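Notes follow once the structure below has been shown.
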Amino acid sequence: MRSLYPATAPRRAEWLEVGDGHSIYFEEAGNPEGIPIVFLHGGPGSGCKPSHRQFFEPTRYRSFLFDQRGCGRSKPFGSTQHNSTQALISDLEALRRWAGVEAWALFGGSWGAALALAYAQFHPDRVLAMVLRGTFLARKRDLDWFMQVGAARLLPKAWADFVASTREIGQSISALHDAVFGSDSTVAESAARAWAKWSNEVVMYAFDNAPGDAPEPLDHLLGKTRIELHYAINGYFLADNELLTNAHKLPRVPIHVIHGQRDLTCAPEAGWAIHQAVPGSTFEILRTAGHLSGEAPVQDALLRAADAMAERLEAR
């Protein structure tokens, strides 16, 4: 299994004002003359990490990391005002124009894969290639799977714990959304911590070396949870099955789909479905892997995909 490229510092790290009171934090690294590529993080509500730069060989790529609206170091943190999929697509275009590139490659996992698909369907002429990991298609069935229909049947104790901890709140997305946005801070904290614990159980399902992180600060946890549930209750601001229905709008560029066979967060069927809908795309199933990019088989596959993508684009 391959290891990440050595850690490098970004050449630039700053904020870009994108309107609606939002400023997105971004970093630029690698070769300023290299292949432009943007890393799209998951969640919604997560953020970028320094290790995300290490998927890209720094002499070949000009890489961009950015924290989506309300996420990570973007300002204001946790804000759901003027925060939608369409706004994120607009932000990506603002960053691309700022960078002065005609088109770039997209590298996204989970929700980041959904955002990559949405962006590429709106702006196919701005996309050089795509690597999608643990694809989320933002369908009702995908959210249902994450809750009672699928993951709960494979993690019955964790689900029972979640039900017990949210008995007074309810387990529906609408009930949890109302709780974390409500005026009762105790109820909001209880809902956010229960959601985070359940999500962690699902996401870490196949990860043998789960990190023992310290408890997340409450303000950060609430911000992340509010954004995640804001997107979920609004159907990710997409028509149901829109990403698959509009797959024909994707550009005919190299598209490589990677999915862990043991991914409980985003069922492998989603990755297979987008591959089947996109002629010329390639699909790689990782039999021993789950959802996370930090799992050794997933990391190895992503590194291989990024290197192969560079070779194809350099040969054009």
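Note on naming: chains are A, B, ... as they come in the structure tokens, residues start from 1 per chain, ligands start from 1 in the order shown.
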
Quiz prompt | DSSP-assigned strand (DSSP E or B) members of stretch 192-286 of chain A, reported as an NGL selection string | solution = :A and (255-260 or 282-286)

Resulting file, chosen residues, N, CA and C atoms, as a short mmCIF file (atom, residue, chain, number, x, y, z; two decimals), in the first residue's frame:
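Resulting contents of selection17.cif:
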```cif
data_model
loop_
_atom_site.label_atom_id
_atom_site.label_comp_id
_atom_site.auth_asym_id
_atom_site.auth_seq_id
_atom_site.Cartn_x
_atom_site.Cartn_y
_atom_site.Cartn_z
N ILE A 255 -13.00 9.90 -15.83
CA ILE A 255 -13.73 9.86 -14.56
C ILE A 255 -13.48 8.50 -13.93
N HIS A 256 -12.87 8.52 -12.76
CA HIS A 256 -12.55 7.27 -12.05
C HIS A 256 -13.32 7.25 -10.74
N VAL A 257 -14.10 6.19 -10.54
CA VAL A 257 -14.94 6.04 -9.36
C VAL A 257 -14.35 4.96 -8.46
N ILE A 258 -14.11 5.31 -7.20
CA ILE A 258 -13.53 4.39 -6.21
C ILE A 258 -14.54 4.20 -5.09
N HIS A 259 -14.78 2.94 -4.71
CA HIS A 259 -15.75 2.70 -3.63
C HIS A 259 -15.33 1.50 -2.80
N GLY A 260 -15.43 1.65 -1.49
CA GLY A 260 -15.15 0.55 -0.59
C GLY A 260 -16.33 -0.41 -0.52
N THR A 282 -14.36 4.68 -15.27
CA THR A 282 -13.81 3.45 -14.71
C THR A 282 -14.25 3.33 -13.26
N PHE A 283 -14.37 2.08 -12.80
CA PHE A 283 -14.88 1.80 -11.46
C PHE A 283 -13.94 0.83 -10.77
N GLU A 284 -13.59 1.17 -9.51
CA GLU A 284 -12.71 0.31 -8.72
C GLU A 284 -13.37 0.03 -7.38
N ILE A 285 -13.65 -1.24 -7.13
CA ILE A 285 -14.24 -1.64 -5.85
C ILE A 285 -13.14 -2.19 -4.96
N LEU A 286 -13.10 -1.73 -3.72
CA LEU A 286 -12.06 -2.13 -2.77
C LEU A 286 -12.69 -3.07 -1.75
#
```

A:Ala114 surroundings by only C-alpha atoms, 12 Å radius, close-in-sequence under 5 positions cut, as a CSV table (one decimal) with N, CA and C atoms, in the first residue's frame:
```
chain,number,residue,atom,x,y,z
A,40,LEU,N,-12.5,18.5,-2.9
A,40,LEU,CA,-13.9,18.8,-2.4
A,40,LEU,C,-14.2,17.9,-1.2
A,41,HIS,N,-14.2,18.5,0.0
A,41,HIS,CA,-14.4,17.7,1.2
A,41,HIS,C,-15.9,17.3,1.4
A,42,GLY,N,-16.0,16.4,2.4
A,42,GLY,CA,-17.3,15.8,2.6
A,42,GLY,C,-18.2,16.6,3.7
A,43,GLY,N,-19.1,15.9,4.2
A,43,GLY,CA,-20.0,16.4,5.2
A,43,GLY,C,-21.5,16.2,4.7
A,44,PRO,N,-22.1,17.3,4.3
A,44,PRO,CA,-21.7,18.7,4.3
A,44,PRO,C,-21.5,19.1,5.8
A,85,THR,N,-26.3,24.0,-2.3
A,85,THR,CA,-25.4,23.4,-3.3
A,85,THR,C,-25.1,24.4,-4.4
A,88,LEU,N,-22.5,26.8,-3.4
A,88,LEU,CA,-21.1,26.2,-3.4
A,88,LEU,C,-20.6,26.0,-4.8
A,89,ILE,N,-21.5,25.7,-5.7
A,89,ILE,CA,-21.0,25.7,-7.1
A,89,ILE,C,-20.6,27.1,-7.6
A,106,LEU,N,-11.3,17.6,-10.7
A,106,LEU,CA,-12.1,17.6,-9.4
A,106,LEU,C,-11.8,16.3,-8.7
A,107,PHE,N,-11.6,16.4,-7.4
A,107,PHE,CA,-11.2,15.2,-6.5
A,107,PHE,C,-12.1,15.3,-5.3
A,108,GLY,N,-13.1,14.5,-5.2
A,108,GLY,CA,-14.1,14.6,-4.1
A,108,GLY,C,-14.5,13.3,-3.6
A,109,GLY,N,-14.8,13.3,-2.3
A,109,GLY,CA,-15.3,12.0,-1.7
A,109,GLY,C,-16.5,12.3,-0.9
A,119,TYR,N,-21.3,20.2,-9.8
A,119,TYR,CA,-20.5,21.3,-10.4
A,119,TYR,C,-20.3,20.9,-11.9
A,120,ALA,N,-19.9,19.6,-12.1
A,120,ALA,CA,-19.5,19.2,-13.5
A,120,ALA,C,-20.7,19.2,-14.4
A,121,GLN,N,-21.9,19.0,-13.8
A,121,GLN,CA,-23.2,19.0,-14.7
A,121,GLN,C,-23.5,20.4,-15.0
A,130,MET,N,-12.1,13.7,-13.3
A,130,MET,CA,-12.7,13.6,-12.0
A,130,MET,C,-12.3,12.3,-11.3
A,131,VAL,N,-12.0,12.4,-10.0
A,131,VAL,CA,-11.8,11.2,-9.2
A,131,VAL,C,-12.9,11.3,-8.1
A,132,LEU,N,-13.7,10.3,-8.0
A,132,LEU,CA,-14.8,10.3,-7.0
A,132,LEU,C,-14.6,9.1,-6.1
A,133,ARG,N,-14.7,9.4,-4.8
A,133,ARG,CA,-14.5,8.4,-3.7
A,133,ARG,C,-15.7,8.2,-2.8
A,134,GLY,N,-16.2,7.0,-2.6
A,134,GLY,CA,-17.3,6.8,-1.7
A,134,GLY,C,-18.5,7.7,-2.1
A,135,THR,N,-18.9,7.6,-3.4
A,135,THR,CA,-19.9,8.6,-4.0
A,135,THR,C,-21.2,8.6,-3.2
A,136,PHE,N,-21.6,9.8,-2.9
A,136,PHE,CA,-23.0,10.1,-2.4
A,136,PHE,C,-23.8,10.7,-3.4
A,137,LEU,N,-25.0,10.2,-3.7
A,137,LEU,CA,-25.8,10.7,-4.8
A,137,LEU,C,-26.9,11.6,-4.3
A,138,ALA,N,-27.0,11.8,-3.0
A,138,ALA,CA,-27.9,12.8,-2.4
A,138,ALA,C,-29.4,12.5,-2.7
A,139,ARG,N,-29.7,11.2,-2.8
A,139,ARG,CA,-31.1,10.8,-3.0
A,139,ARG,C,-31.7,10.5,-1.7
A,142,ASP,N,-30.6,7.3,-0.3
A,142,ASP,CA,-29.2,7.3,0.3
A,142,ASP,C,-29.3,7.8,1.8
A,236,TYR,N,-30.5,18.3,0.0
A,236,TYR,CA,-29.3,18.7,-0.5
A,236,TYR,C,-29.4,19.7,-1.7
A,237,PHE,N,-30.6,20.4,-1.7
A,237,PHE,CA,-30.9,21.4,-2.7
A,237,PHE,C,-30.9,20.9,-4.1
A,238,LEU,N,-31.2,19.6,-4.2
A,238,LEU,CA,-31.3,18.9,-5.5
A,238,LEU,C,-32.6,18.2,-5.6
A,241,ASN,N,-32.7,12.2,-7.0
A,241,ASN,CA,-32.0,11.5,-8.1
A,241,ASN,C,-31.5,12.4,-9.2
A,242,GLU,N,-31.4,13.7,-9.0
A,242,GLU,CA,-30.9,14.6,-10.0
A,242,GLU,C,-29.5,14.3,-10.5
A,243,LEU,N,-28.6,13.9,-9.6
A,243,LEU,CA,-27.2,13.7,-10.1
A,243,LEU,C,-27.1,12.5,-11.0
A,244,LEU,N,-27.9,11.5,-10.8
A,244,LEU,CA,-27.9,10.3,-11.7
A,244,LEU,C,-28.7,10.6,-13.0
A,247,ALA,N,-26.7,12.6,-15.4
A,247,ALA,CA,-25.3,12.1,-15.6
A,247,ALA,C,-24.9,12.3,-17.1
A,257,VAL,N,-14.1,6.2,-10.5
A,257,VAL,CA,-14.9,6.0,-9.4
A,257,VAL,C,-14.3,5.0,-8.5
A,266,CYS,N,-22.1,5.4,2.4
A,266,CYS,CA,-22.6,5.6,1.1
A,266,CYS,C,-22.5,4.2,0.4
A,270,ALA,N,-24.2,3.1,-5.1
A,270,ALA,CA,-24.2,4.5,-5.6
A,270,ALA,C,-23.0,4.7,-6.6
A,271,GLY,N,-21.9,4.3,-6.2
A,271,GLY,CA,-20.7,4.4,-7.1
A,271,GLY,C,-20.9,3.6,-8.3
A,274,ILE,N,-23.4,5.5,-10.8
A,274,ILE,CA,-22.8,6.6,-11.5
A,274,ILE,C,-21.9,6.1,-12.6
```

Quiz item: Near A:Leu155, within 12 Å and counting only C-alpha atoms, which residues show up once chain neighbours fewer than 4 positions away are dropped, as an MDAnalysis selection string?
Solution: chainID A and resid 146:151 159:162 198:206 264:265

For the alpha helix (DSSP H) assignment from backbone DSSP, which residues of stretch 112-214 of chain A qualify? Please present them as a compact mmCIF listing (two decimals) with C-alpha atoms, in the first residue's frame.
```
# COMPACT_ATOMS: atom_id res chain seq x y z
CA GLY A 112 -17.57 16.07 -2.00
CA ALA A 113 -18.26 13.56 -4.79
CA ALA A 114 -21.88 14.76 -4.96
CA LEU A 115 -20.69 18.36 -5.18
CA ALA A 116 -18.20 17.40 -7.90
CA LEU A 117 -20.99 15.80 -9.93
CA ALA A 118 -23.29 18.80 -9.46
CA TYR A 119 -20.55 21.26 -10.45
CA ALA A 120 -19.53 19.20 -13.49
CA GLN A 121 -23.15 19.00 -14.66
CA PHE A 122 -23.50 22.79 -14.42
CA LYS A 140 -33.75 10.16 -0.42
CA ARG A 141 -32.84 6.48 -0.52
CA ASP A 142 -29.22 7.34 0.34
CA LEU A 143 -30.26 9.28 3.43
CA ASP A 144 -32.75 6.56 4.37
CA ALA A 151 -26.99 0.96 8.45
CA ALA A 152 -29.21 0.49 11.49
CA ARG A 153 -29.77 -3.15 10.54
CA LEU A 154 -26.01 -3.76 10.48
CA PRO A 156 -28.24 -2.63 15.85
CA LYS A 157 -26.62 -1.75 19.18
CA ALA A 158 -25.32 1.61 17.94
CA TRP A 159 -28.76 2.37 16.53
CA ALA A 160 -30.44 1.37 19.81
CA ASP A 161 -28.08 3.72 21.64
CA PHE A 162 -28.99 6.50 19.21
CA VAL A 163 -32.71 5.88 19.70
CA ALA A 164 -32.28 5.89 23.47
CA SER A 165 -30.31 9.16 23.45
CA ILE A 173 -34.10 14.40 10.20
CA SER A 174 -36.76 17.06 10.80
CA ALA A 175 -36.82 16.40 14.57
CA LEU A 176 -33.04 16.51 14.82
CA HIS A 177 -32.90 19.63 12.66
CA ASP A 178 -35.41 21.42 14.85
CA ALA A 179 -33.51 20.39 17.96
CA VAL A 180 -30.09 21.70 16.89
CA SER A 185 -29.16 24.75 24.30
CA THR A 186 -29.32 21.53 26.32
CA VAL A 187 -31.55 19.85 23.75
CA ALA A 188 -29.39 21.17 20.89
CA GLU A 189 -26.26 19.74 22.47
CA SER A 190 -27.92 16.40 23.14
CA ALA A 191 -29.11 16.11 19.54
CA ALA A 192 -25.73 17.11 18.09
CA ARG A 193 -23.78 14.68 20.24
CA ALA A 194 -26.19 11.83 19.49
CA TRP A 195 -25.99 12.54 15.75
CA ALA A 196 -22.20 12.74 15.86
CA LYS A 197 -21.92 9.44 17.77
CA TRP A 198 -24.20 7.60 15.36
CA SER A 199 -22.46 9.11 12.31
CA ASN A 200 -19.09 8.10 13.69
CA GLU A 201 -20.24 4.51 14.19
CA VAL A 202 -21.39 4.30 10.58
CA VAL A 203 -18.41 6.06 9.03
```

Exercise. Go through A:Val101, A:Ser84, A:Ile35, A:Gln68 one by one, measure the shortest atom-to-atom distance of each to A:Arg312 using only C-alpha atoms, and give the residue with the smallest value.
Key: A:Ile35

Practice problem: May I ask which of the residues A:Cys71, A:Arg126, A:Gly19, A:Phe207 is the closest one to A:Pro36, counting only C-alpha atoms? | Solution: A:Arg126

Quiz item: So which residues touch A:Ser23 within 12 Å, counting only C-alpha atoms, skipping near sequence neighbours fewer than 2 positions away, as a ChimeraX atom specification?
Solution: /A:14-21,25-26,66-77,79,82-83,88,91,94-95

Quiz item: Do you have the atom CA of A:Arg262-atom CA of A:Glu216 distance handy?
Solution: 26.3 Å

Self-check item: Minimum-distance residue to A:Ala267, chosen among A:Tyr231, A:Trp145, A:Phe55, A:Trp111 (using only C-alpha atoms)
Solution: A:Trp145

Exercise. Would you kindly return, as a ChimeraX atom specification, each protein, DNA or RNA residue with an atom no farther than 9 Å from any atom of A:Leu303, considering only C-alpha atoms and excluding same-chain residues fewer than 5 positions away?
Key: /A:2-5,54-57,298,308

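Among the candidate residues A:Gly170, A:Pro268, A:Gly78, A:Pro124, the one lying nearest to A:Leu250 is A:Pro124, with distances computed using only C-alpha atoms.
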
Self-check item: Residue with smallest distance to A:Val127 - pool A:Thr80, A:Gly47, A:Leu92, A:Gln86, counting only C-alpha atoms
Solution: A:Leu92
